Amino acid sequence: MVTYEMIFERNRKWVADMKAKDANFFDKLARDQTPDYLYIGCSDSRVPANEIMGLEPGDVFVHRNVANLVNNTDLNVMSVINFAVKHLDVKHIVVCGHYDCGGVKAAMIPKDMGLLNPWLRTIRDVYRMHHEELDAIKDERLRYNRLVELNVKEQATNVIKTANVQKGYQKKGYPIVHGWVFDLHTGIVIDLNINFEGILKEIQKIYDLTGMASEHNEDGD
């Protein structure tokens with residue numbers, strides 16, 4: 001067990017290790033951050049964002065919550081996306097779930113979870129939208145893993161629905177939105193190959209927040 005006091009000892013050792021590798025490490029770290037990636041992941045303690053990506057501190061802007069949800073009414077995640085796109089100029093936004101996710105598992109149980117109910121409702125809605133596919137999977141673990149993947153895809157779509165992402169992509173050609181799943185049993189990150197441009201085009205009729213759709217309609221396109 002790591003005691004509270006040991007954390008500070010480990011911190012000092014980490015500082016010494018970093019300086020041994022690069023004497024200017026903390027001078028560089030203290031400069032303005034310029035990450036290319038925004039990572040939206042689960043709060044699970046077993047999934048450290050920059051480490052599973054093989055990147056260093058300062059390379060990834062990170063937001064985490066239970067089951068990596070992107071709700072448009074969540075000012076926390078919306079503020080993170082706004083800051084990442086408009087001020088940090090990130091090139092990629094990654095929504096990363098993981099197999100054996102406690103939040104997703106809880107959402108699969110038809111039970112009153114108290115304060116968690118409104119949060120889990122988002123995942124339960126994903127189940128509702130894909131219940132035929134999911135109910136056809138007899139193996140409970142495989143069904144659970146598939147809901148993890150479908151939840152990632154739905155949250156990635158929610159990112160694409162935001163005005164900041166749409167306008168940023170229209171103006172600069174980025175950010176691109178991706179959906180990943182981290183396999184705790186293998187350590188491998190799985191790219192779900194989200195069709196970013198396809199989803200963006202598909203939702204334009206309802207979720208176009210750039211003004212382009214109305215211009216095309218006025219032009220008769």
# chains A, B, ... in the order shown; residues from 1 in each chain; ligands from 1
>>> closest_atom_pairs(of="region 43-114 of chain A", to="region 136-144 of chain A", cutoff="9 Å", atoms="only C-alpha atoms", output="JSON lines")
{"residue": "A:Tyr99", "atom": "CA", "partner": "A:Tyr144", "partner_atom": "CA", "distance": 8.0}
{"residue": "A:Asp100", "atom": "CA", "partner": "A:Tyr144", "partner_atom": "CA", "distance": 7.9}
{"residue": "A:Cys101", "atom": "CA", "partner": "A:Tyr144", "partner_atom": "CA", "distance": 8.8}
{"residue": "A:Val104", "atom": "CA", "partner": "A:Tyr144", "partner_atom": "CA", "distance": 7.6}
{"residue": "A:Lys105", "atom": "CA", "partner": "A:Tyr144", "partner_atom": "CA", "distance": 6.8}
{"residue": "A:Met108", "atom": "CA", "partner": "A:Tyr144", "partner_atom": "CA", "distance": 7.9}
>>> write_last_selection(atoms="C-alpha atoms", output="PDB file, in the first residue's frame")
ATOM      1  CA  TYR A  99     -13.350  -2.638 -21.601  1.00  0.00           C
ATOM      2  CA  ASP A 100     -14.461  -3.552 -18.048  1.00  0.00           C
ATOM      3  CA  CYS A 101     -15.798  -0.020 -17.540  1.00  0.00           C
ATOM      4  CA  VAL A 104     -21.034   1.095 -18.552  1.00  0.00           C
ATOM      5  CA  LYS A 105     -21.588  -2.039 -16.474  1.00  0.00           C
ATOM      6  CA  MET A 108     -26.600  -2.260 -18.006  1.00  0.00           C
TER       7      MET A 108
END
>>> select_by_dssp(residues="region 71-173 of chain A", states="strand (DSSP E or B)", output="VMD selection string")
chain A and resid 92 to 98
>>> write_last_selection(atoms="N, CA and C atoms", output="compact mmCIF listing (two decimals), in the first residue's frame")
# COMPACT_ATOMS: atom_id res chain seq x y z
N HIS A 92 -6.43 16.85 -33.03
CA HIS A 92 -7.20 15.61 -32.88
C HIS A 92 -7.93 15.61 -31.55
N ILE A 93 -9.17 15.10 -31.58
CA ILE A 93 -9.92 14.88 -30.35
C ILE A 93 -10.23 13.39 -30.26
N VAL A 94 -9.80 12.77 -29.18
CA VAL A 94 -9.97 11.34 -28.99
C VAL A 94 -10.95 11.09 -27.85
N VAL A 95 -12.00 10.32 -28.14
CA VAL A 95 -12.86 9.79 -27.08
C VAL A 95 -12.42 8.36 -26.85
N CYS A 96 -11.95 8.07 -25.64
CA CYS A 96 -11.38 6.75 -25.35
C CYS A 96 -12.13 6.08 -24.20
N GLY A 97 -12.79 4.98 -24.51
CA GLY A 97 -13.40 4.15 -23.48
C GLY A 97 -12.49 2.99 -23.16
N HIS A 98 -12.95 2.10 -22.32
CA HIS A 98 -12.14 0.91 -22.01
C HIS A 98 -13.05 -0.25 -21.64
>>> atom_distance(atom1="CA of Thr122 (chain A)", atom2="CA of Ala156 (chain A)")
13.2 Å
>>> residues_around(residues="region 55-62 of chain A", least_positions_apart="2", cutoff="6 Å", atoms="only C-alpha atoms", output="list in words")
Gln33, Pro35, Tyr37, Leu38, Tyr39, Asn50 and Met53 of chain A
>>> select_by_dssp(residues="region 93-210 of chain A", states="helix (DSSP H, G or I)", output="MDAnalysis selection string")
chainID A and resid 102:107 114:129 131:135 140:160 163:172 196:202 204:207
>>> residues_around(residues="region 163-174 of chain A", least_positions_apart="6", cutoff="10 Å", atoms="only C-alpha atoms", output="list in words")
Met78, Ile81, Asn82, Phe83, Ala84, Val85, Lys86, Asp89, Val90, Lys91, His92, Ile93, Glu197, Leu200, Gln204, Tyr207, Asp208, Leu209, Thr210, Gly211 and Met212 of chain A
>>> atom_distance(atom1="CA of Val47 (chain A)", atom2="CA of Arg64 (chain A)")
10.2 Å
>>> decode(residues="region 129-151 of chain A", atoms="C-alpha atoms", output="short mmCIF file (atom, residue, chain, number, x, y, z; two decimals), in the first residue's frame")
data_model
loop_
_atom_site.label_atom_id
_atom_site.label_comp_id
_atom_site.auth_asym_id
_atom_site.auth_seq_id
_atom_site.Cartn_x
_atom_site.Cartn_y
_atom_site.Cartn_z
CA MET A 129 -30.83 2.72 -29.49
CA HIS A 130 -28.88 -0.49 -30.12
CA HIS A 131 -30.86 -2.97 -28.01
CA GLU A 132 -31.56 -5.38 -30.89
CA GLU A 133 -27.86 -5.78 -31.69
CA LEU A 134 -26.88 -5.98 -28.02
CA ASP A 135 -29.63 -8.37 -26.94
CA ALA A 136 -28.63 -10.72 -29.76
CA ILE A 137 -25.20 -11.15 -28.12
CA LYS A 138 -25.66 -14.06 -25.71
CA ASP A 139 -22.28 -13.81 -24.00
CA GLU A 140 -22.74 -11.17 -21.30
CA ARG A 141 -19.10 -10.06 -21.37
CA LEU A 142 -19.11 -9.62 -25.15
CA ARG A 143 -22.38 -7.70 -24.91
CA TYR A 144 -20.82 -5.50 -22.25
CA ASN A 145 -17.72 -4.86 -24.39
CA ARG A 146 -19.88 -4.04 -27.40
CA LEU A 147 -21.79 -1.43 -25.39
CA VAL A 148 -18.44 0.10 -24.41
CA GLU A 149 -17.65 0.47 -28.14
CA LEU A 150 -21.09 1.81 -29.06
CA ASN A 151 -20.90 4.31 -26.20
#
